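Asks: Quick one: structure below, then a few questions.
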Amino acid sequence: QVQLVESGGGLVQAGGSLRLSCAPSRKISINTMAWYRQAPGNQRELVASITSGGDTNYTDSVKGRFTISRDNAQNTMYLQMNALKPEDTAVYYCMARGWYGSWDDYWGQGTQVTVSS
């Protein structure tokens with residue numbers, strides 16, 4: 001069984017920064033990794049994604065403020081969040097498309113990010 005372990009959420013004032021981390025519980029081959037978020041009453045949305053080659057993609061609302069990165073040797077993914085806004089408040093989930101006998105999408109348990117105004 002493979003689990004994704006997240007860390008780094010918390011409470012921050014508007015304009016502040018947080019860094020999220022995500023890593024699998026065991027060594028697996030990983031293709032794309034991504035961060036999603038879900039605010040109360042909203043659907044889960046893609047925030048940013050990164051391929052094994054380092055190509056990145058961001059939703060428009062976070063461009064210029066968030067940076068996704070990964071350490072392939074450690075199978076760890078990060079999300080640096082700067083200039084946070086109250087509308088960034090959500091539970092953030094990491095996702096990894098990995099090989100462990102077959103290709104599957106693995107999800108983290110979610111970490112709460114709360115931005116106060």
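In the structure tokens, chains take the letters A, B, ... in the order shown, each chain's residues start at 1, and ligands count up from 1 in the order shown.
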List the neighbours of range 62-66 of chain A out to 8 Å using only C-alpha atoms; skip same-chain residues closer than 2 positions along the sequence, and give me the result as a list in words.
Replies: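 Contacts, in chain order: Val47, Tyr58, Thr59, Asp60, Ile68, Leu79, Gln80, Met81, Asn82, Ala83 and Leu84 of chain A.
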Asks: May I have the residues from that selection written out with C-alpha atoms, as a PDB file, in the first residue's frame?
Replies:
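That gives us again.pdb:
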```pdb
ATOM      1  CA  VAL A  47      -3.824  24.233  -8.296  1.00  0.00           C
ATOM      2  CA  TYR A  58      -0.778  26.536 -12.719  1.00  0.00           C
ATOM      3  CA  THR A  59      -4.347  27.636 -12.381  1.00  0.00           C
ATOM      4  CA  ASP A  60      -4.676  31.312 -13.253  1.00  0.00           C
ATOM      5  CA  ILE A  68       5.506  23.948  -7.529  1.00  0.00           C
ATOM      6  CA  LEU A  79       4.295  24.001  -3.098  1.00  0.00           C
ATOM      7  CA  GLN A  80       5.698  27.376  -2.106  1.00  0.00           C
ATOM      8  CA  MET A  81       2.792  29.734  -1.537  1.00  0.00           C
ATOM      9  CA  ASN A  82       3.532  33.461  -1.303  1.00  0.00           C
ATOM     10  CA  ALA A  83       1.294  36.512  -1.105  1.00  0.00           C
ATOM     11  CA  LEU A  84      -1.488  34.354   0.270  1.00  0.00           C
TER      12      LEU A  84
END
```
Asks: Can you pull out the residues contacting range 19-28 of chain A? Cut-off 8 Å, using only C-alpha atoms, and skip same-chain residues under 2 positions away; I want them as a list in words.
Replies: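 Within the cut-off, the hits are Val2, Gln3, Leu4, Val5, Glu6, Ser7, Gly8, Gly9, Ser17, Ile30, Gln74, Asn75, Thr76, Met77, Tyr78, Leu79, Gln80, Met81, Cys94, Gly98, Trp99, Tyr100 and Gly108 of chain A.
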Asks: Once you have the residues from the selection above, write them out as a PDB file, in the first residue's frame, restricted to N, CA, C and O atoms.
Replies:
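Wrote it out as part.pdb, contents follow:
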```pdb
ATOM      1  N   VAL A   2       0.522   2.204  -0.806  1.00  0.00           N
ATOM      2  CA  VAL A   2       1.271   3.448  -0.909  1.00  0.00           C
ATOM      3  C   VAL A   2       0.392   4.585  -0.423  1.00  0.00           C
ATOM      4  O   VAL A   2      -0.774   4.709  -0.827  1.00  0.00           O
ATOM      5  N   GLN A   3       0.947   5.400   0.445  1.00  0.00           N
ATOM      6  CA  GLN A   3       0.250   6.603   0.900  1.00  0.00           C
ATOM      7  C   GLN A   3       1.115   7.816   0.633  1.00  0.00           C
ATOM      8  O   GLN A   3       2.339   7.731   0.617  1.00  0.00           O
ATOM      9  N   LEU A   4       0.472   8.938   0.418  1.00  0.00           N
ATOM     10  CA  LEU A   4       1.183  10.207   0.291  1.00  0.00           C
ATOM     11  C   LEU A   4       1.061  10.956   1.610  1.00  0.00           C
ATOM     12  O   LEU A   4      -0.038  11.087   2.151  1.00  0.00           O
ATOM     13  N   VAL A   5       2.181  11.422   2.098  1.00  0.00           N
ATOM     14  CA  VAL A   5       2.220  12.121   3.378  1.00  0.00           C
ATOM     15  C   VAL A   5       2.481  13.598   3.124  1.00  0.00           C
ATOM     16  O   VAL A   5       3.484  13.959   2.507  1.00  0.00           O
ATOM     17  N   GLU A   6       1.558  14.437   3.591  1.00  0.00           N
ATOM     18  CA  GLU A   6       1.661  15.881   3.403  1.00  0.00           C
ATOM     19  C   GLU A   6       2.034  16.557   4.708  1.00  0.00           C
ATOM     20  O   GLU A   6       1.725  16.066   5.793  1.00  0.00           O
ATOM     21  N   SER A   7       2.640  17.730   4.578  1.00  0.00           N
ATOM     22  CA  SER A   7       2.921  18.551   5.743  1.00  0.00           C
ATOM     23  C   SER A   7       3.027  19.996   5.312  1.00  0.00           C
ATOM     24  O   SER A   7       3.186  20.288   4.122  1.00  0.00           O
ATOM     25  N   GLY A   8       2.932  20.906   6.288  1.00  0.00           N
ATOM     26  CA  GLY A   8       3.195  22.306   6.010  1.00  0.00           C
ATOM     27  C   GLY A   8       2.006  23.238   6.037  1.00  0.00           C
ATOM     28  O   GLY A   8       2.169  24.442   5.894  1.00  0.00           O
ATOM     29  N   GLY A   9       0.809  22.725   6.208  1.00  0.00           N
ATOM     30  CA  GLY A   9      -0.346  23.614   6.270  1.00  0.00           C
ATOM     31  C   GLY A   9      -0.376  24.385   7.581  1.00  0.00           C
ATOM     32  O   GLY A   9       0.455  24.183   8.460  1.00  0.00           O
ATOM     33  N   SER A  17       3.285  33.600   3.808  1.00  0.00           N
ATOM     34  CA  SER A  17       3.760  32.473   2.994  1.00  0.00           C
ATOM     35  C   SER A  17       3.655  31.166   3.763  1.00  0.00           C
ATOM     36  O   SER A  17       3.738  31.147   4.997  1.00  0.00           O
ATOM     37  N   ILE A  30       7.288   7.658 -10.095  1.00  0.00           N
ATOM     38  CA  ILE A  30       6.234   8.658 -10.175  1.00  0.00           C
ATOM     39  C   ILE A  30       6.354   9.452 -11.463  1.00  0.00           C
ATOM     40  O   ILE A  30       7.445   9.890 -11.815  1.00  0.00           O
ATOM     41  N   GLN A  74      14.267  12.208  -4.145  1.00  0.00           N
ATOM     42  CA  GLN A  74      13.559  11.944  -2.896  1.00  0.00           C
ATOM     43  C   GLN A  74      12.076  11.706  -3.111  1.00  0.00           C
ATOM     44  O   GLN A  74      11.344  11.454  -2.144  1.00  0.00           O
ATOM     45  N   ASN A  75      11.623  11.780  -4.376  1.00  0.00           N
ATOM     46  CA  ASN A  75      10.196  11.621  -4.671  1.00  0.00           C
ATOM     47  C   ASN A  75       9.335  12.592  -3.879  1.00  0.00           C
ATOM     48  O   ASN A  75       8.205  12.280  -3.507  1.00  0.00           O
ATOM     49  N   THR A  76       9.865  13.768  -3.630  1.00  0.00           N
ATOM     50  CA  THR A  76       9.157  14.762  -2.807  1.00  0.00           C
ATOM     51  C   THR A  76       8.730  15.935  -3.668  1.00  0.00           C
ATOM     52  O   THR A  76       9.474  16.378  -4.541  1.00  0.00           O
ATOM     53  N   MET A  77       7.533  16.422  -3.399  1.00  0.00           N
ATOM     54  CA  MET A  77       6.993  17.570  -4.119  1.00  0.00           C
ATOM     55  C   MET A  77       6.724  18.695  -3.116  1.00  0.00           C
ATOM     56  O   MET A  77       6.377  18.431  -1.960  1.00  0.00           O
ATOM     57  N   TYR A  78       6.877  19.922  -3.581  1.00  0.00           N
ATOM     58  CA  TYR A  78       6.675  21.091  -2.729  1.00  0.00           C
ATOM     59  C   TYR A  78       5.724  22.075  -3.408  1.00  0.00           C
ATOM     60  O   TYR A  78       5.620  22.117  -4.640  1.00  0.00           O
ATOM     61  N   LEU A  79       5.070  22.869  -2.600  1.00  0.00           N
ATOM     62  CA  LEU A  79       4.295  24.001  -3.098  1.00  0.00           C
ATOM     63  C   LEU A  79       4.633  25.207  -2.231  1.00  0.00           C
ATOM     64  O   LEU A  79       4.239  25.256  -1.060  1.00  0.00           O
ATOM     65  N   GLN A  80       5.391  26.125  -2.795  1.00  0.00           N
ATOM     66  CA  GLN A  80       5.698  27.376  -2.106  1.00  0.00           C
ATOM     67  C   GLN A  80       4.588  28.364  -2.414  1.00  0.00           C
ATOM     68  O   GLN A  80       4.348  28.682  -3.584  1.00  0.00           O
ATOM     69  N   MET A  81       3.924  28.825  -1.380  1.00  0.00           N
ATOM     70  CA  MET A  81       2.792  29.734  -1.537  1.00  0.00           C
ATOM     71  C   MET A  81       3.142  31.085  -0.926  1.00  0.00           C
ATOM     72  O   MET A  81       3.345  31.171   0.289  1.00  0.00           O
ATOM     73  N   CYS A  94      -2.275  16.539  -2.136  1.00  0.00           N
ATOM     74  CA  CYS A  94      -1.289  16.200  -3.155  1.00  0.00           C
ATOM     75  C   CYS A  94      -1.720  14.920  -3.860  1.00  0.00           C
ATOM     76  O   CYS A  94      -2.414  14.082  -3.290  1.00  0.00           O
ATOM     77  N   GLY A  98       1.659   7.198  -9.948  1.00  0.00           N
ATOM     78  CA  GLY A  98       2.823   6.361  -9.714  1.00  0.00           C
ATOM     79  C   GLY A  98       2.626   4.913 -10.110  1.00  0.00           C
ATOM     80  O   GLY A  98       1.500   4.440 -10.306  1.00  0.00           O
ATOM     81  N   TRP A  99       3.773   4.220 -10.218  1.00  0.00           N
ATOM     82  CA  TRP A  99       3.775   2.802 -10.577  1.00  0.00           C
ATOM     83  C   TRP A  99       4.107   1.977  -9.344  1.00  0.00           C
ATOM     84  O   TRP A  99       5.165   2.126  -8.753  1.00  0.00           O
ATOM     85  N   TYR A 100       3.170   1.102  -8.983  1.00  0.00           N
ATOM     86  CA  TYR A 100       3.396   0.124  -7.914  1.00  0.00           C
ATOM     87  C   TYR A 100       2.635  -1.122  -8.309  1.00  0.00           C
ATOM     88  O   TYR A 100       1.606  -1.456  -7.760  1.00  0.00           O
ATOM     89  N   GLY A 108      -2.941  12.281  -1.029  1.00  0.00           N
ATOM     90  CA  GLY A 108      -2.653  12.553   0.367  1.00  0.00           C
ATOM     91  C   GLY A 108      -3.930  12.747   1.158  1.00  0.00           C
ATOM     92  O   GLY A 108      -5.031  12.817   0.597  1.00  0.00           O
TER      93      GLY A 108
END
```
Asks: At a cut-off of 8 Å, using only C-alpha atoms, what residues contact Thr89 in chain A? Leave out same-chain residues fewer than 2 positions from it and give the result as a short mmCIF file (atom, residue, chain, number, x, y, z; two decimals) with N, CA and C atoms, in the first residue's frame.
Replies:
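Contents of out26.cif, as written:
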```cif
data_model
loop_
_atom_site.label_atom_id
_atom_site.label_comp_id
_atom_site.auth_asym_id
_atom_site.auth_seq_id
_atom_site.Cartn_x
_atom_site.Cartn_y
_atom_site.Cartn_z
N ALA A 39 -12.20 24.07 -1.16
CA ALA A 39 -12.77 24.96 -0.15
C ALA A 39 -14.19 24.48 0.17
N LYS A 85 -3.82 34.85 -0.02
CA LYS A 85 -5.05 35.61 0.07
C LYS A 85 -6.10 34.79 0.82
N PRO A 86 -7.08 35.44 1.43
CA PRO A 86 -8.13 34.67 2.11
C PRO A 86 -8.81 33.65 1.20
N GLU A 87 -8.92 33.95 -0.08
CA GLU A 87 -9.56 33.01 -1.00
C GLU A 87 -8.71 31.79 -1.30
N VAL A 91 -8.59 23.03 1.96
CA VAL A 91 -7.79 21.84 2.24
C VAL A 91 -7.01 21.52 0.97
N GLN A 112 -4.83 21.46 5.93
CA GLN A 112 -5.62 22.69 5.95
C GLN A 112 -4.73 23.91 5.83
N VAL A 113 -5.08 24.80 4.93
CA VAL A 113 -4.46 26.11 4.81
C VAL A 113 -5.53 27.15 5.06
N THR A 114 -5.30 28.00 6.05
CA THR A 114 -6.25 29.05 6.39
C THR A 114 -5.55 30.39 6.34
N VAL A 115 -6.08 31.30 5.54
CA VAL A 115 -5.50 32.63 5.39
C VAL A 115 -6.49 33.64 5.97
#
```
Asks: Of the residues A:Arg37, A:Asp88, A:Leu18, A:Asp55, which is the one nearest to Gln109 in chain A, using only C-alpha atoms?
Replies: A:Arg37
Asks: Please determine, counting only C-alpha atoms, which residue among A:Trp107, A:Asn31, A:Asp71, A:Leu46 has the shortest atom-to-atom distance to Met95 in chain A.
Replies: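 Among the listed residues, the smallest separation from Met95 in chain A belongs to A:Trp107.
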Asks: From the options A:Asp104, A:Asn72, A:Ala96, A:Gly15, which residue's atoms come nearest to Thr32 in chain A, counting only C-alpha atoms?
Replies: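 When distances to Thr32 in chain A are compared using only C-alpha atoms, the smallest one comes from A:Ala96.
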Asks: Using only C-alpha atoms for the distances, tell me which of A:Ser29, A:Gln13, A:Ser61, A:Ser69 is nearest to Asp105 in chain A.
Replies: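 Of the candidates, the smallest distance to Asp105 in chain A is held by A:Ser29.
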Asks: In Å to one decimal, how far is CA of Met33 in chain A from CA of Ser102 in chain A?
Replies: 16.2 Å
Asks: Work out how far CA of Arg97 in chain A is from CA of Thr56 in chain A, in Å to one decimal.
Replies: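 Computed distance, CA of Thr56 in chain A to CA of Arg97 in chain A, equals 14.9 Å.
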Asks: Please report the interatomic distance between CA of Trp103 in chain A and CA of Gln38 in chain A in Å with one decimal.
Replies: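 Between CA of Trp103 in chain A and CA of Gln38 in chain A the gap works out to 24.5 Å.
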Asks: Which residue gives the smallest distance to Ser116 in chain A among A:Gly101, A:Ala90, A:Arg44, A:Asn57, with only C-alpha atoms counted?
Replies: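 Using only C-alpha atoms, the shortest distance to Ser116 in chain A belongs to A:Ala90.
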